[in-house]
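query.cif (mmCIF, C-alpha atoms and all ligand atoms) appears below.
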```cif
data_protein
loop_
_atom_site.label_atom_id
_atom_site.label_comp_id
_atom_site.auth_asym_id
_atom_site.auth_seq_id
_atom_site.Cartn_x
_atom_site.Cartn_y
_atom_site.Cartn_z
CA MET E 1 0.00 0.00 0.00
CA ALA E 2 1.23 3.51 -0.83
CA TYR E 3 1.17 6.18 1.86
CA ASN E 4 0.87 9.87 1.14
CA LEU E 5 3.82 11.62 2.77
CA LYS E 6 3.73 14.68 0.49
CA GLY E 7 4.85 17.88 2.17
CA ARG E 8 6.00 16.07 5.33
CA ASN E 9 9.29 16.81 7.11
CA PHE E 10 11.63 13.93 7.91
CA LEU E 11 13.24 14.93 11.21
CA THR E 12 12.96 11.80 13.36
CA LEU E 13 11.33 8.38 12.95
CA LYS E 14 9.16 9.26 15.96
CA ASP E 15 6.94 11.16 13.52
CA PHE E 16 6.31 8.10 11.32
CA THR E 17 4.19 5.00 11.81
CA LYS E 18 5.41 1.47 11.30
CA GLU E 19 3.47 1.34 8.02
CA GLU E 20 4.98 4.60 6.79
CA ILE E 21 8.53 3.45 7.59
CA ASN E 22 7.91 0.14 5.83
CA PHE E 23 6.50 2.06 2.87
CA LEU E 24 9.71 4.16 2.67
CA LEU E 25 11.77 0.96 2.73
CA LYS E 26 9.66 -0.59 -0.03
CA LEU E 27 9.96 2.55 -2.12
CA SER E 28 13.75 2.52 -1.58
CA LEU E 29 13.89 -1.03 -2.88
CA LYS E 30 11.80 -0.11 -5.92
CA LEU E 31 13.95 2.94 -6.71
CA LYS E 32 17.08 0.80 -6.30
CA GLU E 33 15.73 -1.83 -8.69
CA ASP E 34 14.73 0.87 -11.18
CA LYS E 35 18.21 2.37 -11.03
CA TYR E 36 19.82 -1.00 -11.68
CA ALA E 37 17.39 -1.57 -14.55
CA GLY E 38 18.32 1.80 -16.07
CA ILE E 39 14.85 3.26 -15.42
CA ARG E 40 14.92 6.94 -14.50
CA SER E 41 11.54 8.28 -13.44
CA LYS E 42 12.71 11.87 -12.78
CA ASN E 43 10.29 12.17 -9.89
CA LEU E 44 11.95 15.43 -8.78
CA GLU E 45 12.22 17.10 -12.18
CA GLY E 46 12.63 20.87 -11.90
CA LYS E 47 13.01 20.86 -8.11
CA ASN E 48 15.76 22.74 -6.29
CA ILE E 49 17.22 21.13 -3.20
CA ALA E 50 19.24 22.99 -0.53
CA LEU E 51 21.85 20.96 1.33
CA ILE E 52 22.92 22.74 4.52
CA PHE E 53 25.95 21.26 6.27
CA GLU E 54 27.32 22.55 9.59
CA LYS E 55 29.32 19.34 10.04
CA PRO E 56 31.40 17.41 7.51
CA SER E 57 29.95 14.51 5.53
CA THR E 58 30.91 12.04 2.83
CA ARG E 59 27.97 9.64 2.54
CA THR E 60 25.03 11.90 3.38
CA ARG E 61 26.16 14.73 1.15
CA ALA E 62 27.04 12.40 -1.72
CA ALA E 63 23.79 10.48 -1.36
CA PHE E 64 21.63 13.64 -1.40
CA VAL E 65 23.49 14.96 -4.45
CA VAL E 66 23.35 11.70 -6.43
CA ALA E 67 19.73 11.01 -5.48
CA SER E 68 18.69 14.55 -6.45
CA VAL E 69 20.45 14.46 -9.81
CA GLU E 70 19.17 10.98 -10.65
CA GLU E 71 15.61 12.18 -10.05
CA GLY E 72 16.08 15.32 -12.14
CA ALA E 73 16.51 17.87 -9.32
CA HIS E 74 19.24 20.46 -8.79
CA PRO E 75 21.09 20.14 -5.45
CA GLU E 76 22.91 23.16 -4.00
CA TYR E 77 25.49 22.63 -1.25
CA LEU E 78 25.40 25.36 1.43
CA GLY E 79 28.34 24.84 3.79
CA LYS E 80 28.44 26.46 7.20
CA ASN E 81 31.01 29.05 6.14
CA ASP E 82 29.12 29.93 2.97
CA ILE E 83 25.85 31.11 4.47
CA GLN E 84 24.64 33.49 7.17
CA LEU E 85 22.71 30.87 9.18
CA GLY E 86 23.09 31.42 12.90
CA LYS E 87 25.78 34.08 12.47
CA LYS E 88 24.16 37.14 10.89
CA GLU E 89 20.72 35.65 10.50
CA THR E 90 18.38 33.64 12.70
CA VAL E 91 17.49 30.10 11.73
CA LYS E 92 13.87 31.20 11.44
CA ASP E 93 14.74 33.89 8.86
CA THR E 94 17.00 31.56 6.88
CA ALA E 95 14.21 28.97 6.87
CA ARG E 96 11.73 31.46 5.41
CA VAL E 97 14.20 32.70 2.77
CA LEU E 98 15.34 29.26 1.61
CA GLY E 99 11.74 28.03 1.62
CA ARG E 100 10.90 30.75 -0.95
CA MET E 101 13.66 29.56 -3.27
CA PHE E 102 14.05 25.84 -2.74
CA ASP E 103 11.55 23.00 -2.91
CA GLY E 104 13.22 20.90 -0.21
CA ILE E 105 15.93 21.44 2.42
CA GLU E 106 18.37 18.99 3.97
CA PHE E 107 20.10 20.01 7.20
CA ARG E 108 23.08 18.41 8.96
CA GLY E 109 24.34 20.05 12.09
CA PHE E 110 24.64 20.25 15.84
CA LYS E 111 21.41 21.20 17.62
CA HIS E 112 18.32 19.18 16.77
CA GLU E 113 16.36 22.35 17.52
CA THR E 114 17.83 23.96 14.38
CA VAL E 115 16.30 21.38 12.06
CA GLU E 116 13.02 21.68 13.96
CA ILE E 117 12.94 25.45 13.40
CA LEU E 118 13.79 24.96 9.72
CA GLY E 119 10.99 22.40 9.53
CA GLU E 120 8.52 24.71 11.18
CA TYR E 121 9.19 27.82 9.12
CA ALA E 122 10.50 26.78 5.68
CA GLY E 123 7.13 25.80 4.26
CA VAL E 124 8.80 23.04 2.20
CA PRO E 125 9.88 19.53 3.28
CA VAL E 126 12.94 19.56 5.57
CA TRP E 127 15.05 16.40 5.95
CA ASN E 128 17.37 15.67 8.85
CA GLY E 129 20.82 14.67 7.56
CA LEU E 130 22.08 14.19 11.16
CA THR E 131 21.89 16.23 14.33
CA ASP E 132 23.45 15.61 17.74
CA LYS E 133 20.29 13.68 18.65
CA TYR E 134 19.09 11.79 15.60
CA HIS E 135 20.21 10.42 12.23
CA PRO E 136 17.02 8.97 10.74
CA THR E 137 18.03 8.66 7.06
CA GLN E 138 20.91 6.42 8.18
CA VAL E 139 18.47 4.11 9.97
CA LEU E 140 16.49 3.59 6.76
CA ALA E 141 19.69 2.51 4.98
CA ASP E 142 20.58 0.20 7.86
CA PHE E 143 17.16 -1.43 7.90
CA LEU E 144 17.10 -1.76 4.11
CA THR E 145 20.40 -3.64 4.33
CA VAL E 146 18.96 -6.02 6.93
CA LEU E 147 15.78 -6.46 4.88
CA GLU E 148 17.77 -7.36 1.77
CA GLU E 149 19.84 -9.80 3.79
CA ARG E 150 17.07 -11.50 5.76
CA GLY E 151 13.83 -10.71 3.91
CA TYR E 152 12.03 -9.41 7.01
CA LEU E 153 12.55 -7.01 9.93
CA GLU E 154 9.99 -7.95 12.58
CA GLY E 155 11.63 -9.96 15.34
CA ILE E 156 15.17 -9.35 14.06
CA LYS E 157 17.63 -9.42 16.97
CA PHE E 158 19.53 -6.18 16.54
CA ALA E 159 22.36 -5.41 18.98
CA TYR E 160 23.82 -1.91 18.96
CA VAL E 161 27.12 -2.08 20.84
CA GLY E 162 29.02 1.06 21.86
CA ASP E 163 28.05 4.65 22.70
CA GLY E 164 24.47 3.95 23.73
CA ARG E 165 23.33 7.57 23.85
CA ASN E 166 24.49 9.03 20.55
CA ASN E 167 22.42 9.98 17.50
CA MET E 168 22.69 6.48 15.98
CA ALA E 169 21.76 4.62 19.16
CA ASN E 170 18.78 6.95 19.68
CA SER E 171 17.51 6.68 16.13
CA LEU E 172 18.02 2.93 15.79
CA MET E 173 16.17 2.37 19.07
CA ILE E 174 13.18 4.41 17.88
CA GLY E 175 13.11 2.75 14.45
CA ALA E 176 13.60 -0.79 15.76
CA ALA E 177 10.90 -0.28 18.39
CA LYS E 178 8.46 0.99 15.78
CA LEU E 179 9.14 -1.96 13.47
CA GLY E 180 8.85 -4.65 16.14
CA MET E 181 12.46 -5.76 16.39
CA ASP E 182 14.22 -7.32 19.39
CA PHE E 183 16.58 -4.40 19.92
CA ARG E 184 19.41 -4.23 22.41
CA ILE E 185 21.68 -1.37 23.45
CA VAL E 186 24.89 -2.85 24.80
CA SER E 187 27.02 -0.19 26.43
CA PRO E 188 28.58 0.88 29.72
CA LYS E 189 26.03 2.33 32.18
CA GLU E 190 27.59 5.79 31.79
CA LEU E 191 26.50 5.76 28.15
CA PHE E 192 22.97 4.40 28.45
CA PRO E 193 20.31 6.35 26.52
CA GLU E 194 18.17 8.99 28.26
CA ASP E 195 15.37 7.50 30.37
CA LYS E 196 12.77 9.55 28.54
CA LEU E 197 13.74 8.09 25.17
CA ILE E 198 13.84 4.56 26.57
CA LYS E 199 10.30 5.02 27.90
CA GLU E 200 9.05 6.35 24.55
CA SER E 201 10.69 3.45 22.72
CA LEU E 202 9.15 0.95 25.13
CA GLU E 203 5.76 2.42 24.26
CA TYR E 204 6.45 2.00 20.52
CA ALA E 205 7.61 -1.56 21.16
CA LYS E 206 4.42 -2.32 23.07
CA ASP E 207 2.39 -1.36 19.98
CA SER E 208 4.59 -3.25 17.51
CA GLY E 209 5.33 -6.35 19.55
CA GLY E 210 9.00 -5.40 19.68
CA LYS E 211 11.40 -5.69 22.57
CA ILE E 212 13.94 -3.22 23.99
CA THR E 213 16.84 -4.26 26.23
CA ILE E 214 19.41 -1.87 27.66
CA THR E 215 22.34 -3.71 29.17
CA ALA E 216 26.01 -3.34 30.04
CA ASP E 217 26.43 -7.11 29.80
CA ILE E 218 27.94 -8.08 26.46
CA ASP E 219 27.06 -11.78 26.63
CA GLU E 220 23.42 -11.02 27.38
CA GLY E 221 23.24 -8.23 24.79
CA VAL E 222 24.67 -10.05 21.78
CA LYS E 223 23.15 -13.49 22.41
CA GLY E 224 21.48 -14.81 19.27
CA ALA E 225 21.96 -11.47 17.46
CA ASP E 226 21.19 -11.27 13.74
CA VAL E 227 22.88 -7.87 13.54
CA ILE E 228 25.81 -6.39 15.45
CA TYR E 229 25.99 -2.64 14.89
CA THR E 230 28.46 -0.09 16.13
CA ASP E 231 29.39 3.55 15.59
CA VAL E 232 32.37 5.72 16.48
CA TRP E 233 33.11 6.09 20.20
CA ALA E 234 33.06 9.90 20.03
CA SER E 235 30.72 11.62 17.61
CA MET E 236 31.36 14.82 15.66
CA GLY E 237 31.66 17.67 18.15
CA GLU E 238 32.80 15.37 21.00
CA GLU E 239 36.46 15.16 20.05
CA ASP E 240 37.53 16.31 23.56
CA LYS E 241 35.92 13.17 24.98
CA ILE E 242 38.01 10.71 22.97
CA PRO E 243 40.41 9.65 25.78
CA GLU E 244 37.60 8.97 28.28
CA ARG E 245 35.51 7.12 25.65
CA ILE E 246 38.43 4.87 24.76
CA LYS E 247 38.63 3.82 28.42
CA LEU E 248 34.87 3.25 28.69
CA LEU E 249 34.33 1.54 25.36
CA LYS E 250 37.43 -0.59 24.78
CA PRO E 251 35.68 -3.65 26.30
CA TYR E 252 32.81 -3.07 23.85
CA GLN E 253 35.00 -3.17 20.74
CA ILE E 254 33.51 -5.41 18.03
CA THR E 255 35.77 -8.44 17.68
CA THR E 256 35.54 -11.83 16.04
CA THR E 257 35.14 -13.23 19.58
CA MET E 258 32.06 -11.04 20.03
CA LEU E 259 30.59 -12.25 16.74
CA ASP E 260 31.17 -15.83 17.92
CA LYS E 261 29.35 -15.01 21.16
CA THR E 262 26.15 -14.35 19.19
CA GLY E 263 26.03 -18.08 18.41
CA ASN E 264 24.62 -17.09 15.02
CA GLY E 265 26.82 -18.03 12.06
CA LYS E 266 24.75 -15.73 9.83
CA VAL E 267 25.16 -12.59 11.99
CA ILE E 268 25.92 -9.47 9.96
CA PHE E 269 28.06 -6.53 11.02
CA LEU E 270 26.88 -3.00 10.27
CA HIS E 271 28.41 0.44 10.89
CA CYS E 272 27.09 3.80 9.66
CA LEU E 273 30.67 4.87 8.84
CA PRO E 274 33.12 6.60 8.97
CA SER E 275 34.88 4.01 11.12
CA PHE E 276 38.13 3.53 13.00
CA HIS E 277 39.19 -0.03 12.24
CA ASN E 278 42.92 0.42 11.63
CA HIS E 279 45.61 3.02 12.24
CA GLU E 280 45.66 4.65 8.83
CA THR E 281 43.67 7.82 9.48
CA GLU E 282 44.93 11.07 11.05
CA VAL E 283 42.78 10.70 14.16
CA ALA E 284 43.68 7.02 14.61
CA LYS E 285 47.36 7.93 14.43
CA LYS E 286 46.85 10.48 17.21
CA TYR E 287 44.84 8.03 19.37
CA PRO E 288 46.20 4.54 18.60
CA ASP E 289 43.58 2.89 20.86
CA ILE E 290 40.61 4.39 19.06
CA CYS E 291 39.18 1.38 17.23
CA GLU E 292 35.52 0.49 17.67
CA VAL E 293 35.81 -2.55 15.38
CA GLU E 294 38.64 -4.94 14.66
CA GLU E 295 39.97 -4.91 11.12
CA ALA E 296 39.16 -8.64 10.83
CA VAL E 297 35.47 -7.94 11.44
CA PHE E 298 35.30 -4.81 9.29
CA GLU E 299 36.89 -6.57 6.34
CA GLY E 300 35.48 -10.00 7.17
CA LYS E 301 32.70 -12.12 5.71
CA HIS E 302 30.01 -10.89 8.12
CA SER E 303 30.50 -7.24 7.21
CA ARG E 304 27.89 -5.50 5.03
CA VAL E 305 29.10 -1.94 5.61
CA PHE E 306 29.50 -0.99 1.96
CA ASP E 307 26.07 -2.35 0.96
CA GLU E 308 24.78 -0.25 3.83
CA ALA E 309 26.67 2.85 2.59
CA GLU E 310 25.27 2.41 -0.93
CA ASN E 311 21.78 2.12 0.51
CA ARG E 312 22.08 5.72 1.74
CA VAL E 313 21.38 6.85 -1.84
CA HIS E 314 18.32 4.67 -2.39
CA THR E 315 16.75 5.47 0.97
CA ILE E 316 17.44 9.22 0.82
CA LYS E 317 15.97 9.18 -2.68
CA ALA E 318 12.86 7.49 -1.30
CA VAL E 319 12.48 10.12 1.42
CA MET E 320 12.76 12.97 -1.10
CA VAL E 321 10.47 11.31 -3.66
CA ALA E 322 7.83 10.43 -1.04
CA THR E 323 7.72 13.90 0.49
CA LEU E 324 8.33 16.02 -2.61
CA GLY E 325 8.01 13.90 -5.75
CA LYS E 326 5.34 13.78 -8.42
N1 LIG Y 401 27.03 7.74 7.83
C1 LIG Y 401 27.13 9.05 7.55
O1 LIG Y 401 26.23 9.84 7.81
O2 LIG Y 401 28.29 9.39 6.95
P1 LIG Y 401 28.77 10.87 6.60
O3 LIG Y 401 29.11 11.54 7.91
O4 LIG Y 401 29.98 10.67 5.73
O5 LIG Y 401 27.66 11.58 5.91
N1 LIG Y 402 27.54 9.29 15.70
C1 LIG Y 402 28.27 9.73 14.54
C2 LIG Y 402 27.54 9.35 13.29
C3 LIG Y 402 28.25 9.69 12.02
C4 LIG Y 402 27.49 9.29 10.81
C5 LIG Y 402 28.48 11.22 14.60
O1 LIG Y 402 27.54 11.94 14.91
O2 LIG Y 402 29.61 11.67 14.36
#
```

Show me, as structure tokens, the structure contained in the file I just sent.
Ligand code: CP
Ligand code: NVA
Amino acid sequence: MAYNLKGRNFLTLKDFTKEEINFLLKLSLKLKEDKYAGIRSKNLEGKNIALIFEKPSTRTRAAFVVASVEEGAHPEYLGKNDIQLGKKETVKDTARVLGRMFDGIEFRGFKHETVEILGEYAGVPVWNGLTDKYHPTQVLADFLTVLEERGYLEGIKFAYVGDGRNNMANSLMIGAAKLGMDFRIVSPKELFPEDKLIKESLEYAKDSGGKITITADIDEGVKGADVIYTDVWASMGEEDKIPERIKLLKPYQITTTMLDKTGNGKVIFLHCLPSFHNHETEVAKKYPDICEVEEAVFEGKHSRVFDEAENRVHTIKAVMVATLGK
């Protein structure tokens, strides 16, 4: 069944029902198949898309640009040093100006409140490309990858291991709860999600038949898992916390031993990326112990991280087409 999401913002999965999220995943799959078949529907022909980025990005920026162009739209990158937003102009004013010129606006940045103000005042669909609190387009790509792998999502045992209170943990918990998964956050107590969000997710899980577990116990958390997911130990904007996070999260590093502990030979490993899995990057050279996943897992047979990265394009395209397309 098709759902009418025209004109809607996409700020957090809290605002979407189970059926609407499943519809976006189905549409992603259809658009992916069409792309592979060489079919271009140009659902966004003539549209102008603003891409506001306060923080750096590889995947999200690239996915929005490619998805826009493939659907016939014009994307315009507006980096934080290129525009007045928040410096000489309020977010509310920028929202009203960009809304008069563009047909849709993506925002990546720090405060979630900024994307909410854009969403309230722009008058055109606003899409969250990551804030300190949520990263909902990433969750669609993650779930699409699981769906392609397993053929279903309900009841999937999904263990998120690492910083249990960052934007990925928050968004995955909401999405998994809405879709009826058996979702676990496995992290040290210091990094458990906010109580309020746990309560909300438990409510969603009650409706969907899902399950939410928050635990510091690795054995309990990964038992039987179909998916082991992790993210960086310190998110963008938290660079000063790297030394303390290394201490807290080293025991939660994703290793081949941890994958064995799931007892599931078909477990898949996912990571939103970028990832520290070796010592080749500038940051990893500075902090040799920063490594949320062993190289053997990242490059190993259970890893689906590059399928997941590709799925950013198809899912972001689905969000834009559903909310703005013909
Ligand atoms: N996963 C993700 O959002 O990557 P970027 O920061 O490169 O956009
Ligand atoms: N939690 C990470 C996600 C990056 C895609 C961050 O916010 O930096």

- Query: Nearest to ligand LIG 401 (chain Y): which of E:Ile212, E:Leu172, E:Cys272, E:Val126 is it, counting only C-alpha atoms and all ligand atoms?
  - Reply: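 Checking each candidate against ligand LIG 401 (chain Y), we get E:Cys272 as the closest.
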
- Task: Could you tell me which of E:Glu203, E:Glu238, E:Glu190, E:Glu71 comes closest to ligand LIG 402 (chain Y) if we count only C-alpha atoms and all ligand atoms?
- Result: E:Glu238

- Given the choices E:Ala205, E:Leu249, E:Ile83, E:Ala309, which gets closest to ligand LIG 402 (chain Y) if the distance is worked out from only C-alpha atoms and all ligand atoms?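 Ranked by minimum distance to ligand LIG 402 (chain Y), first place goes to E:Ala309.
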
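The residue that comes closest to Val293 (chain E), out of E:Leu5, E:Ala122, E:Met258, E:Leu179 and on the basis of all atoms listed in the file, is E:Met258.
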
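The point (23.0, 27.7, -5.9) has these residues within 12 Å of it when all atoms listed in the file are used: Asn48, Ile49, Ala50, Leu51, Ile52, His74, Pro75, Glu76, Tyr77, Leu78, Gly79, Asp82, Ile83, Leu98, Met101 and Phe102 of chain E.
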
Show me, as an mmCIF file with C-alpha atoms, in the coordinates of the input, the residues that have an atom within 12 Å of Pro125 (chain E) when counting all atoms listed in the file, minus same-chain residues fewer than 4 positions from it.
```
data_model
loop_
_atom_site.group_PDB
_atom_site.id
_atom_site.type_symbol
_atom_site.label_atom_id
_atom_site.label_comp_id
_atom_site.auth_asym_id
_atom_site.auth_seq_id
_atom_site.Cartn_x
_atom_site.Cartn_y
_atom_site.Cartn_z
ATOM 1 C CA LEU E 5 3.820 11.620 2.770
ATOM 2 C CA LYS E 6 3.730 14.680 0.490
ATOM 3 C CA GLY E 7 4.850 17.880 2.170
ATOM 4 C CA ARG E 8 6.000 16.070 5.330
ATOM 5 C CA ASN E 9 9.290 16.810 7.110
ATOM 6 C CA PHE E 10 11.630 13.930 7.910
ATOM 7 C CA LEU E 11 13.240 14.930 11.210
ATOM 8 C CA LYS E 47 13.010 20.860 -8.110
ATOM 9 C CA ASN E 48 15.760 22.740 -6.290
ATOM 10 C CA ILE E 49 17.220 21.130 -3.200
ATOM 11 C CA ALA E 50 19.240 22.990 -0.530
ATOM 12 C CA ALA E 95 14.210 28.970 6.870
ATOM 13 C CA LEU E 98 15.340 29.260 1.610
ATOM 14 C CA GLY E 99 11.740 28.030 1.620
ATOM 15 C CA PHE E 102 14.050 25.840 -2.740
ATOM 16 C CA ASP E 103 11.550 23.000 -2.910
ATOM 17 C CA GLY E 104 13.220 20.900 -0.210
ATOM 18 C CA ILE E 105 15.930 21.440 2.420
ATOM 19 C CA GLU E 106 18.370 18.990 3.970
ATOM 20 C CA PHE E 107 20.100 20.010 7.200
ATOM 21 C CA VAL E 115 16.300 21.380 12.060
ATOM 22 C CA GLU E 116 13.020 21.680 13.960
ATOM 23 C CA LEU E 118 13.790 24.960 9.720
ATOM 24 C CA GLY E 119 10.990 22.400 9.530
ATOM 25 C CA GLU E 120 8.520 24.710 11.180
ATOM 26 C CA TYR E 121 9.190 27.820 9.120
ATOM 27 C CA VAL E 319 12.480 10.120 1.420
ATOM 28 C CA MET E 320 12.760 12.970 -1.100
ATOM 29 C CA VAL E 321 10.470 11.310 -3.660
ATOM 30 C CA ALA E 322 7.830 10.430 -1.040
ATOM 31 C CA THR E 323 7.720 13.900 0.490
ATOM 32 C CA LEU E 324 8.330 16.020 -2.610
ATOM 33 C CA GLY E 325 8.010 13.900 -5.750
#
```

- Task: Dump the neighbourhood of ligand LIG 402 (chain Y) as a ChimeraX atom specification: all residues within 9 Å, distances computed on only C-alpha atoms and all ligand atoms.
- Result: /E:55,57,59-60,110,130-135,138,163,166-169,231-238,271-275

- Query: Leaving out Gly300 (chain E) and any residue of its chain fewer than 3 positions from it, which residues lie within 10 Å of it when counting only C-alpha atoms, given as a list in words?
  - Reply: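 Surrounding residues, per the criterion: Thr256, Ile268, Phe269, Glu294, Glu295, Ala296, Val297, Ser303 and Arg304 of chain E.
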
- Message: One decimal, in Å: what's the spacing between CA of Thr145 (chain E) and CA of Phe276 (chain E)?
- Response: 21.0 Å

- Could you tell me which of E:His279, E:Arg165, E:Lys92, E:Arg108 comes closest to ligand LIG 401 (chain Y) if we count all atoms listed in the file? E:Arg108

- Task: Rank E:Lys26, E:Ala2, E:Asp15, E:Lys223 by their smallest atom-to-atom distance to Ile174 (chain E), using only C-alpha atoms, and report the top residue only.
- Result: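 So, comparing all the options, the nearest one is E:Asp15.
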
Could you give me, as a PDB file with C-alpha atoms, in the frame of the given file, the residues that have an atom at most 10 Å away from the point (19.5, 2.1, 19.5) in the coordinates of the file, using all atoms listed in the file?
```
ATOM      1  CA  VAL E 139      18.470   4.110   9.970  1.00  0.00           C
ATOM      2  CA  PHE E 158      19.530  -6.180  16.540  1.00  0.00           C
ATOM      3  CA  ALA E 159      22.360  -5.410  18.980  1.00  0.00           C
ATOM      4  CA  TYR E 160      23.820  -1.910  18.960  1.00  0.00           C
ATOM      5  CA  VAL E 161      27.120  -2.080  20.840  1.00  0.00           C
ATOM      6  CA  GLY E 162      29.020   1.060  21.860  1.00  0.00           C
ATOM      7  CA  ASP E 163      28.050   4.650  22.700  1.00  0.00           C
ATOM      8  CA  GLY E 164      24.470   3.950  23.730  1.00  0.00           C
ATOM      9  CA  ARG E 165      23.330   7.570  23.850  1.00  0.00           C
ATOM     10  CA  ASN E 166      24.490   9.030  20.550  1.00  0.00           C
ATOM     11  CA  ASN E 167      22.420   9.980  17.500  1.00  0.00           C
ATOM     12  CA  MET E 168      22.690   6.480  15.980  1.00  0.00           C
ATOM     13  CA  ALA E 169      21.760   4.620  19.160  1.00  0.00           C
ATOM     14  CA  ASN E 170      18.780   6.950  19.680  1.00  0.00           C
ATOM     15  CA  SER E 171      17.510   6.680  16.130  1.00  0.00           C
ATOM     16  CA  LEU E 172      18.020   2.930  15.790  1.00  0.00           C
ATOM     17  CA  MET E 173      16.170   2.370  19.070  1.00  0.00           C
ATOM     18  CA  ILE E 174      13.180   4.410  17.880  1.00  0.00           C
ATOM     19  CA  GLY E 175      13.110   2.750  14.450  1.00  0.00           C
ATOM     20  CA  ALA E 176      13.600  -0.790  15.760  1.00  0.00           C
ATOM     21  CA  ALA E 177      10.900  -0.280  18.390  1.00  0.00           C
ATOM     22  CA  PHE E 183      16.580  -4.400  19.920  1.00  0.00           C
ATOM     23  CA  ARG E 184      19.410  -4.230  22.410  1.00  0.00           C
ATOM     24  CA  ILE E 185      21.680  -1.370  23.450  1.00  0.00           C
ATOM     25  CA  VAL E 186      24.890  -2.850  24.800  1.00  0.00           C
ATOM     26  CA  PHE E 192      22.970   4.400  28.450  1.00  0.00           C
ATOM     27  CA  PRO E 193      20.310   6.350  26.520  1.00  0.00           C
ATOM     28  CA  ILE E 198      13.840   4.560  26.570  1.00  0.00           C
ATOM     29  CA  SER E 201      10.690   3.450  22.720  1.00  0.00           C
ATOM     30  CA  ILE E 212      13.940  -3.220  23.990  1.00  0.00           C
ATOM     31  CA  THR E 213      16.840  -4.260  26.230  1.00  0.00           C
ATOM     32  CA  ILE E 214      19.410  -1.870  27.660  1.00  0.00           C
ATOM     33  CA  TYR E 229      25.990  -2.640  14.890  1.00  0.00           C
ATOM     34  CA  THR E 230      28.460  -0.090  16.130  1.00  0.00           C
TER      35      THR E 230
END
```

- Message: Using all atoms listed in the file, which protein or nucleic acid residues come within 9 Å of region 22-24 of chain E? Drop anything in the same chain fewer than 3 positions from it, and give the result as JSON, numbers by chain.
- Response: {"E": [1, 2, 3, 17, 18, 19, 27, 28, 29, 140, 179, 315, 318, 319, 322]}

- Task: Go ahead and compute the interatomic distance for CA of Gly155 (chain E) and CA of Glu20 (chain E), in Å to one decimal.
- Result: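 Straight-line distance from CA of Gly155 (chain E) to CA of Glu20 (chain E) works out to 18.1 Å.
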
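CA of Ala63 (chain E) is found 9.5 Å from atom O2 of ligand LIG 401 (chain Y).
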
Reconstructed N, CA and C atoms for region 5-18 of chain E, given as a compact mmCIF listing (two decimals), in the frame of the given file:
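Contents of the output file selection-v1.txt:
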```txt
# COMPACT_ATOMS: atom_id res chain seq x y z
N LEU E 5 2.94 10.87 1.85
CA LEU E 5 3.82 11.62 2.77
C LEU E 5 4.17 12.99 2.19
N LYS E 6 3.42 13.41 1.17
CA LYS E 6 3.73 14.68 0.49
C LYS E 6 3.72 15.85 1.46
N GLY E 7 4.76 16.67 1.35
CA GLY E 7 4.85 17.88 2.17
C GLY E 7 5.35 17.63 3.58
N ARG E 8 5.57 16.36 3.95
CA ARG E 8 6.00 16.07 5.33
C ARG E 8 7.49 16.34 5.51
N ASN E 9 7.87 16.76 6.73
CA ASN E 9 9.29 16.81 7.11
C ASN E 9 9.75 15.42 7.49
N PHE E 10 11.07 15.20 7.47
CA PHE E 10 11.63 13.93 7.91
C PHE E 10 12.73 14.26 8.93
N LEU E 11 12.31 14.45 10.19
CA LEU E 11 13.24 14.93 11.21
C LEU E 11 13.64 13.83 12.18
N THR E 12 12.70 12.96 12.50
CA THR E 12 12.96 11.80 13.36
C THR E 12 11.91 10.74 13.04
N LEU E 13 12.28 9.47 13.24
CA LEU E 13 11.33 8.38 12.95
C LEU E 13 10.16 8.37 13.93
N LYS E 14 10.28 9.16 15.02
CA LYS E 14 9.16 9.26 15.96
C LYS E 14 7.89 9.72 15.25
N ASP E 15 8.09 10.56 14.20
CA ASP E 15 6.94 11.16 13.52
C ASP E 15 6.29 10.22 12.50
N PHE E 16 6.81 9.01 12.35
CA PHE E 16 6.31 8.10 11.32
C PHE E 16 5.80 6.81 11.92
N THR E 17 4.74 6.28 11.32
CA THR E 17 4.19 5.00 11.81
C THR E 17 5.01 3.85 11.23
N LYS E 18 4.78 2.69 11.81
CA LYS E 18 5.41 1.47 11.30
C LYS E 18 5.12 1.31 9.80
```
